[in-house]
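Q: Below is the file my_file36.csv, with CSV, C-alpha atoms.
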chain,number,residue,atom,x,y,z
A,654,MET,CA,-4.9,-17.2,12.6
A,655,GLN,CA,-1.8,-16.3,10.7
A,656,ARG,CA,-2.5,-15.0,7.1
A,657,TYR,CA,-0.6,-15.7,4.0
A,658,PHE,CA,-0.9,-14.4,0.4
A,659,LEU,CA,-0.8,-16.8,-2.4
A,660,ARG,CA,0.2,-16.6,-6.1
A,661,LYS,CA,-2.2,-17.9,-8.7
A,662,CYS,CA,0.0,-20.9,-9.3
A,663,ASP,CA,-0.2,-21.8,-5.6
A,664,VAL,CA,-3.9,-22.6,-5.8
A,665,GLU,CA,-5.7,-25.6,-7.5
A,666,GLY,CA,-9.3,-25.8,-6.5
A,667,ASN,CA,-9.3,-26.0,-2.7
A,668,THR,CA,-5.7,-27.2,-2.4
A,669,VAL,CA,-3.0,-24.7,-1.8
A,670,THR,CA,0.8,-25.0,-1.9
A,671,ILE,CA,3.0,-22.7,0.1
A,672,SER,CA,6.8,-22.4,-0.4
A,673,GLY,CA,9.6,-19.9,0.0
A,674,ASP,CA,9.7,-17.4,2.8
A,675,ASP,CA,6.1,-18.3,3.9
A,676,PHE,CA,7.1,-22.0,4.1
A,677,HIS,CA,10.0,-21.0,6.4
A,678,HIS,CA,7.7,-18.8,8.5
A,679,ILE,CA,5.1,-21.6,8.9
A,680,THR,CA,7.6,-24.4,9.8
A,681,ARG,CA,10.5,-22.6,11.5
A,682,VAL,CA,8.9,-19.5,13.1
A,683,MET,CA,5.4,-20.6,13.8
A,684,ARG,CA,6.3,-24.3,14.1
A,685,MET,CA,3.0,-25.4,12.7
A,686,GLU,CA,2.2,-29.0,12.1
A,687,SER,CA,-0.4,-31.0,10.1
A,688,GLY,CA,-3.8,-30.0,11.3
A,689,SER,CA,-2.8,-26.4,12.1
A,690,LYS,CA,-5.1,-23.8,10.5
A,691,ILE,CA,-4.1,-20.6,8.7
A,692,ILE,CA,-5.8,-18.1,6.5
A,693,THR,CA,-4.8,-18.0,2.8
A,694,VAL,CA,-5.6,-15.1,0.4
A,695,THR,CA,-5.7,-15.6,-3.3
A,696,GLU,CA,-4.7,-12.9,-5.9
A,697,ASP,CA,-8.4,-12.0,-6.5
A,698,GLY,CA,-8.9,-11.3,-2.8
A,699,GLN,CA,-10.6,-14.5,-1.6
A,700,ALA,CA,-9.7,-15.5,1.9
A,701,GLY,CA,-10.1,-19.0,3.1
A,702,VAL,CA,-9.5,-20.9,6.3
A,703,CYS,CA,-7.0,-23.6,5.4
A,704,GLU,CA,-6.0,-26.7,7.3
A,705,ILE,CA,-2.4,-27.9,6.7
A,706,THR,CA,-2.5,-31.5,5.5
A,707,ASP,CA,1.2,-32.2,4.6
A,708,ILE,CA,4.6,-30.6,5.2
A,709,SER,CA,7.5,-31.6,3.0
A,710,SER,CA,11.1,-30.5,2.9
A,711,ASP,CA,10.3,-27.3,0.9
A,712,SER,CA,6.5,-26.8,0.9
A,713,VAL,CA,3.3,-26.8,2.9
A,714,ILE,CA,0.2,-28.4,1.4
A,715,GLY,CA,-3.2,-27.3,2.8
A,716,ASN,CA,-6.9,-27.7,2.1
A,717,VAL,CA,-9.4,-24.8,2.2
A,718,ILE,CA,-12.2,-25.9,4.6
A,719,GLU,CA,-14.1,-22.6,4.5
A,720,TRP,CA,-14.1,-19.6,2.2
A,721,LYS,CA,-14.7,-16.4,4.1
A,722,HIS,CA,-16.5,-13.3,2.9
A,723,GLU,CA,-14.4,-10.4,4.1
A,724,GLU,CA,-14.8,-6.7,3.5
A,725,LYS,CA,-11.5,-5.3,4.6
A,726,GLU,CA,-10.6,-2.9,1.7
A,727,LEU,CA,-11.4,0.7,1.3
A,728,PRO,CA,-14.3,1.4,-1.0
A,729,VAL,CA,-11.9,3.3,-3.3
A,730,SER,CA,-8.5,2.4,-4.5
A,731,VAL,CA,-5.8,4.8,-3.2
A,732,THR,CA,-2.4,5.2,-4.7
A,733,ILE,CA,0.3,7.0,-2.7
A,734,ALA,CA,3.0,8.8,-4.6
A,735,SER,CA,5.8,9.9,-2.4
A,736,GLY,CA,8.8,12.1,-3.3
A,737,LEU,CA,11.8,10.1,-2.2
A,738,PRO,CA,12.4,10.9,1.4
A,739,LYS,CA,15.5,10.4,3.6
A,740,GLY,CA,16.4,7.4,5.7
A,741,ASP,CA,13.8,4.7,6.3
A,742,LYS,CA,10.8,7.0,6.0
A,743,LEU,CA,9.6,5.3,2.8
A,744,GLU,CA,9.6,2.0,4.6
A,745,TYR,CA,7.4,3.6,7.3
A,746,ILE,CA,5.1,5.1,4.7
A,747,VAL,CA,4.7,1.7,3.0
A,748,GLN,CA,4.2,-0.2,6.3
A,749,LYS,CA,1.7,2.2,7.9
A,750,GLY,CA,0.0,3.1,4.6
A,751,THR,CA,-0.6,-0.6,3.9
A,752,GLU,CA,-2.2,-0.9,7.4
A,753,LEU,CA,-4.5,2.0,6.5
A,754,GLY,CA,-5.6,0.6,3.2
A,755,ALA,CA,-3.4,1.9,0.4
A,756,ALA,CA,-3.6,-0.1,-2.8
A,757,GLU,CA,-0.3,1.1,-4.4
A,758,PHE,CA,2.8,3.0,-3.7
A,759,ILE,CA,4.8,5.0,-6.3
A,760,PRO,CA,8.0,6.7,-5.1
A,761,PHE,CA,9.1,9.5,-7.4
A,762,ILE,CA,12.2,11.6,-7.9
A,763,ALA,CA,11.4,15.1,-6.8
A,764,ALA,CA,13.5,18.3,-7.2
A,765,ARG,CA,14.1,18.5,-3.4
A,766,SER,CA,14.7,14.8,-2.9
A,767,VAL,CA,18.0,14.5,-1.1
A,768,VAL,CA,18.1,10.7,-1.6
A,769,LYS,CA,19.1,9.5,-5.0
A,770,TRP,CA,18.5,5.8,-5.7
A,771,ASP,CA,21.2,3.9,-7.5
A,772,GLN,CA,19.4,2.3,-10.4
A,773,LYS,CA,21.5,-0.9,-9.9
A,774,LYS,CA,20.1,-1.2,-6.4
A,775,ALA,CA,16.5,0.0,-7.1
A,776,GLY,CA,15.3,-3.5,-7.7
A,777,LYS,CA,16.6,-4.8,-4.3
A,778,LYS,CA,15.1,-1.8,-2.5
A,779,THR,CA,11.8,-2.2,-4.1
A,780,GLU,CA,11.8,-5.9,-3.3
A,781,ARG,CA,12.4,-5.0,0.4
A,782,LEU,CA,9.5,-2.5,0.3
A,783,GLN,CA,7.2,-5.1,-1.3
A,784,LYS,CA,8.1,-7.5,1.5
A,785,ILE,CA,7.3,-4.8,4.1
A,786,ALA,CA,3.9,-4.3,2.4
A,787,LYS,CA,3.2,-8.0,2.4
A,788,GLU,CA,4.0,-8.4,6.1
A,789,ALA,CA,1.9,-5.3,6.9
A,790,ALA,CA,-1.0,-6.6,4.8
A,791,GLU,CA,-0.9,-9.9,6.6
A,792,GLN,CA,-0.8,-8.3,10.0
A,793,SER,CA,-3.7,-5.9,9.2
A,794,HIS,CA,-5.8,-8.7,7.6
A,795,ARG,CA,-5.9,-7.2,4.2
A,796,THR,CA,-7.4,-9.1,1.3
A,797,ILE,CA,-5.3,-7.3,-1.3
A,798,LEU,CA,-1.5,-7.1,-1.4
A,799,PRO,CA,-0.5,-3.5,-2.3
A,800,ASN,CA,2.0,-3.0,-5.1
A,801,VAL,CA,5.2,-1.0,-4.7
A,802,GLN,CA,6.6,0.4,-7.9
A,803,GLU,CA,10.2,1.4,-8.6
A,804,PRO,CA,10.8,5.2,-8.5
A,805,VAL,CA,9.5,7.2,-11.5
A,806,SER,CA,10.3,10.7,-12.7
A,807,LEU,CA,7.9,13.6,-12.1
A,808,THR,CA,7.1,13.6,-15.9
A,809,GLU,CA,6.2,9.9,-15.6
A,810,LEU,CA,4.1,10.6,-12.6
A,811,ALA,CA,2.3,13.5,-14.3
A,812,ASN,CA,1.5,11.3,-17.3
A,813,LEU,CA,-0.1,8.5,-15.2
A,814,SER,CA,-3.7,7.8,-16.4
A,815,GLY,CA,-6.6,5.7,-15.2
A,816,PHE,CA,-7.4,7.7,-12.0
A,817,HIS,CA,-10.7,9.4,-11.3
A,818,VAL,CA,-9.2,11.9,-9.0
A,819,LYS,CA,-5.5,13.1,-8.8
A,820,LEU,CA,-4.6,15.2,-5.8
A,821,ILE,CA,-1.5,17.1,-4.6
A,822,ALA,CA,-1.0,17.6,-0.9
A,823,PHE,CA,0.5,21.1,-1.0
A,824,GLU,CA,1.6,22.8,2.2
A,825,GLU,CA,1.0,26.3,0.7
A,826,GLU,CA,-2.7,25.5,0.4
A,827,ALA,CA,-2.7,24.6,4.2
A,828,LYS,CA,-0.9,27.9,5.0
A,829,ARG,CA,-3.6,29.8,3.1
A,830,GLY,CA,-6.2,28.0,5.2
A,831,GLU,CA,-7.7,25.8,2.4
A,832,THR,CA,-9.8,23.1,4.1
A,833,SER,CA,-12.7,22.3,1.7
A,834,ILE,CA,-11.2,20.7,-1.4
A,835,LEU,CA,-10.3,17.3,0.1
A,836,ALA,CA,-13.6,17.0,2.1
A,837,SER,CA,-15.6,18.0,-1.0
A,838,LEU,CA,-13.9,15.5,-3.3
A,839,LEU,CA,-14.2,12.7,-0.8
A,840,GLY,CA,-17.9,13.6,-0.2
A,841,LYS,CA,-18.5,13.0,-4.0
A,842,ALA,CA,-16.4,9.8,-4.2
A,843,VAL,CA,-18.1,6.6,-5.1
A,844,PRO,CA,-17.0,3.0,-4.6
A,845,GLY,CA,-14.7,1.7,-7.2
A,846,GLN,CA,-13.0,5.0,-8.0
A,847,ARG,CA,-9.2,5.3,-8.2
A,848,ILE,CA,-7.6,8.2,-6.3
A,849,LEU,CA,-3.9,9.3,-6.7
A,850,PHE,CA,-2.4,11.3,-3.9
A,851,VAL,CA,1.0,13.1,-4.4
A,852,PHE,CA,3.2,14.1,-1.5
A,853,GLY,CA,6.5,15.9,-1.6
A,854,PRO,CA,9.7,14.9,0.1
A,855,GLU,CA,11.3,16.9,2.9
A,856,GLY,CA,11.1,20.5,1.8
A,857,GLY,CA,8.0,19.9,-0.2
A,858,LEU,CA,7.3,20.3,-3.9
A,859,SER,CA,8.6,23.2,-5.9
A,860,GLU,CA,6.4,25.7,-7.7
A,861,ALA,CA,7.5,24.3,-11.0
A,862,GLU,CA,6.5,20.8,-10.0
A,863,ILE,CA,3.1,22.0,-8.8
A,864,GLU,CA,2.6,23.8,-12.1
A,865,LYS,CA,3.5,20.7,-14.1
A,866,LEU,CA,1.2,18.4,-12.1
A,867,SER,CA,-1.6,21.0,-12.2
A,868,ALA,CA,-1.3,21.2,-16.0
A,869,ALA,CA,-1.8,17.4,-16.0
A,870,GLY,CA,-5.1,17.6,-14.2
A,871,PHE,CA,-3.9,17.3,-10.6
A,872,ILE,CA,-5.8,19.3,-7.9
A,873,SER,CA,-3.9,21.0,-5.0
A,874,CYS,CA,-5.4,20.6,-1.5
A,875,GLY,CA,-4.6,21.3,2.1
A,876,LEU,CA,-4.5,18.7,4.8
A,877,GLY,CA,-5.6,20.8,7.7
A,878,PRO,CA,-4.0,23.8,9.4
A,879,ARG,CA,-0.8,22.1,10.5
A,880,ILE,CA,2.2,21.4,8.4
A,881,LEU,CA,2.8,17.6,8.3
A,882,ARG,CA,6.0,15.7,7.8
A,883,THR,CA,6.5,13.8,4.5
A,884,GLU,CA,5.9,10.5,6.3
A,885,THR,CA,2.8,11.7,8.2
A,886,ALA,CA,0.9,13.4,5.4
A,887,PRO,CA,0.0,10.1,3.4
A,888,LEU,CA,-1.3,8.5,6.6
A,889,TYR,CA,-3.5,11.6,7.3
A,890,ALA,CA,-4.9,11.3,3.8
A,891,LEU,CA,-5.6,7.6,4.1
A,892,ALA,CA,-7.3,8.1,7.5
A,893,ALA,CA,-9.4,10.9,6.0
A,894,VAL,CA,-10.5,8.5,3.2
A,895,SER,CA,-11.4,5.8,5.7
A,896,TYR,CA,-13.4,8.3,7.9
A,897,HIS,CA,-15.4,9.7,5.0
A,898,LEU,CA,-16.1,6.5,3.1
A,899,GLU,CA,-16.2,3.9,5.8
A,900,LEU,CA,-17.2,5.5,9.1
A,901,LEU,CA,-19.6,8.3,7.9
A,902,ARG,CA,-21.5,6.0,5.5
Would you mind writing the file's structure down as structure tokens?

A:
Amino acid sequence: MQRYFLRKCDVEGNTVTISGDDFHHITRVMRMESGSKIITVTEDGQAGVCEITDISSDSVIGNVIEWKHEEKELPVSVTIASGLPKGDKLEYIVQKGTELGAAEFIPFIAARSVVKWDQKKAGKKTERLQKIAKEAAEQSHRTILPNVQEPVSLTELANLSGFHVKLIAFEEEAKRGETSILASLLGKAVPGQRILFVFGPEGGLSEAEIEKLSAAGFISCGLGPRILRTETAPLYALAAVSYHLELLR
């Protein structure tokens, strides 16, 4: 069944109202009718099988006939901070990262970022990335819709709080053969923790950036012996989290 995320204002008891892009998708793309069934997900992560009861000119009304207990999310909350990459790589990171369970994406302006976002267009770009995250979350049957923030500075990134573990994927650590830090930290992770992973853009992070993040409590780690592209490294990290905390336990 097709899955749709709801806003708090869309739910009243067991009755849901769907409008906007999702209304268009249900009526024009999927061509559903009264009696069709979909899965709706509330902001607090509750998923329910919903039967469409009425379709008007601008909204779909449905009734939840069964609330489902789903365990689709990673045991820990993972935030991916990516130095602004070239082209459509950030879209790829958001799409695939959502499929792999990321809870949040924070682009940041790195010293070696070739791309410079026009502040006037940042809102539109972030809106597009949020839409990509929503579609990927629906496709992968997530119960939480990841949040995509507008780009921040390195200083703002360094000052972020509320995380239990803050990691930097640093290629120099991989070159030196460091292989134990990530595995050790994930081995100690407990459900409910928040983990922040930082990844540089093409060309990686500068020594000055590493020093600034390290001074703020970030820990540098390697991601195996191979040097990964900026769009591959976050996916490796998320897969490692899933393997350690979902498959090994």

Q: Find the residues around A:Ala869 up to 9 Å (only C-alpha atoms counted), leave out those fewer than 5 positions away in its own chain, and share them as a list in words.

A: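 Counting only C-alpha atoms, the residues come to Ala811, Asn812 and Glu864 of chain A.
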
Q: Find the spatial neighbours of A:Glu719, counting all atoms listed in the file, within a cut-off of 12 Å - ignore same-chain residues fewer than 5 positions away - and output them as an MDAnalysis selection string.

A: chainID A and resid 667:668 690:693 699:704

Q: For A:Asp663, list every protein, DNA or RNA residue within 12 Å, evaluated using all atoms listed in the file, and leave out those in the same chain fewer than 4 positions away; present the list as a PyMOL selection string.

A: chain A and resi 657-659+667-673+675+693-696+712-716

Q: Can you work out the spacing between atom CA of A:Leu866 and atom CA of A:Gln772 in Å, to one decimal?

A: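 Distance between the two atoms: 24.4 Å.
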
Q: Can you pull out the residues contacting A:Leu807? Cut-off 9 Å, using all atoms listed in the file, and skip same-chain residues under 5 positions away; I want them as a VMD selection string.

A: chain A and resid 736 761 to 764 812 862 865 to 866

Q: Any idea what the distance is between atom CA of A:Val801 and atom CA of A:Val717?

A: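 So the answer is 28.8 Å.
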
Q: Quick one: everything within 12 Å of A:Leu838, counting only C-alpha atoms, minus sequence neighbours fewer than 6 positions away in the same chain. Send it as number ranges by chain.

A: A: 817-820, 832, 846, 848, 872-874, 893-894, 897-898

Q: When you count all atoms listed in the file, which of these residues is closest to A:Lys777: A:Gln792, A:Glu803, A:Thr751, A:Trp720?

A: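 Smallest separation from A:Lys777 among the options: A:Glu803.
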
Q: Counting all atoms listed in the file, find residues at most 9 Å from (-3.2, 3.6, 7.6) (file frame) and give them as a PyMOL selection string.

A: chain A and resi 746+748-755+887-892+895

Q: Could you turn the residues from that selection into a file that holds C-alpha atoms, as a PDB file, in the coordinates of the input?

A:
ATOM      1  CA  ILE A 746       5.100   5.100   4.700  1.00  0.00           C
ATOM      2  CA  GLN A 748       4.200  -0.200   6.300  1.00  0.00           C
ATOM      3  CA  LYS A 749       1.700   2.200   7.900  1.00  0.00           C
ATOM      4  CA  GLY A 750       0.000   3.100   4.600  1.00  0.00           C
ATOM      5  CA  THR A 751      -0.600  -0.600   3.900  1.00  0.00           C
ATOM      6  CA  GLU A 752      -2.200  -0.900   7.400  1.00  0.00           C
ATOM      7  CA  LEU A 753      -4.500   2.000   6.500  1.00  0.00           C
ATOM      8  CA  GLY A 754      -5.600   0.600   3.200  1.00  0.00           C
ATOM      9  CA  ALA A 755      -3.400   1.900   0.400  1.00  0.00           C
ATOM     10  CA  PRO A 887       0.000  10.100   3.400  1.00  0.00           C
ATOM     11  CA  LEU A 888      -1.300   8.500   6.600  1.00  0.00           C
ATOM     12  CA  TYR A 889      -3.500  11.600   7.300  1.00  0.00           C
ATOM     13  CA  ALA A 890      -4.900  11.300   3.800  1.00  0.00           C
ATOM     14  CA  LEU A 891      -5.600   7.600   4.100  1.00  0.00           C
ATOM     15  CA  ALA A 892      -7.300   8.100   7.500  1.00  0.00           C
ATOM     16  CA  SER A 895     -11.400   5.800   5.700  1.00  0.00           C
TER      17      SER A 895
END

Q: Tell me, in Å to one decimal, how far atom CA of A:Lys725 is from atom CA of A:Gly840.

A: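 Rounded to one decimal, the two atoms are 20.5 Å apart.
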
Q: Just checking: using all atoms listed in the file, which residue out of A:His722, A:Arg765, A:Arg795, A:Arg684 ends up closest to A:Leu858?

A: A:Arg765

Q: For A:Ala861, which of A:Thr808, A:Leu839, A:Glu788, A:Thr706 is the closest residue, counting all atoms listed in the file?

A: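 Nearest to A:Ala861: A:Thr808.
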
Q: Pick out the closest residue to A:Ala789 from this set: A:Val747, A:Ala886, A:Leu737, A:Leu900. Count only C-alpha atoms.

A: A:Val747

Q: Using all atoms listed in the file, can you tell me which of A:Pro799, A:Gly870, A:Gly666, A:Pro854 comes closest to A:Leu782?

A: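 Closest to A:Leu782 of all the choices is A:Pro799.
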
Q: Take the point (7.4, 13.4, 7.8) in the file's coordinates, draw a sphere of radius 9 Å around it, and report as number ranges by chain every protein, DNA or RNA residue with an atom inside or on it, counting all atoms listed in the file.

A: A: 738, 742, 854-855, 881-886

Q: Could the residues in this selection be written to a file with C-alpha atoms, as a PDB file, in the frame of the given file?

A:
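The resulting file, part26.pdb, is shown below:
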ATOM      1  CA  PRO A 738      12.400  10.900   1.400  1.00  0.00           C
ATOM      2  CA  LYS A 742      10.800   7.000   6.000  1.00  0.00           C
ATOM      3  CA  PRO A 854       9.700  14.900   0.100  1.00  0.00           C
ATOM      4  CA  GLU A 855      11.300  16.900   2.900  1.00  0.00           C
ATOM      5  CA  LEU A 881       2.800  17.600   8.300  1.00  0.00           C
ATOM      6  CA  ARG A 882       6.000  15.700   7.800  1.00  0.00           C
ATOM      7  CA  THR A 883       6.500  13.800   4.500  1.00  0.00           C
ATOM      8  CA  GLU A 884       5.900  10.500   6.300  1.00  0.00           C
ATOM      9  CA  THR A 885       2.800  11.700   8.200  1.00  0.00           C
ATOM     10  CA  ALA A 886       0.900  13.400   5.400  1.00  0.00           C
TER      11      ALA A 886
END

Q: Counting all atoms listed in the file, which of A:Pro878, A:Ser837, A:Val767, A:Ser710 gets nearest to A:Gly853?

A: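 Smallest separation from A:Gly853 among the options: A:Val767.
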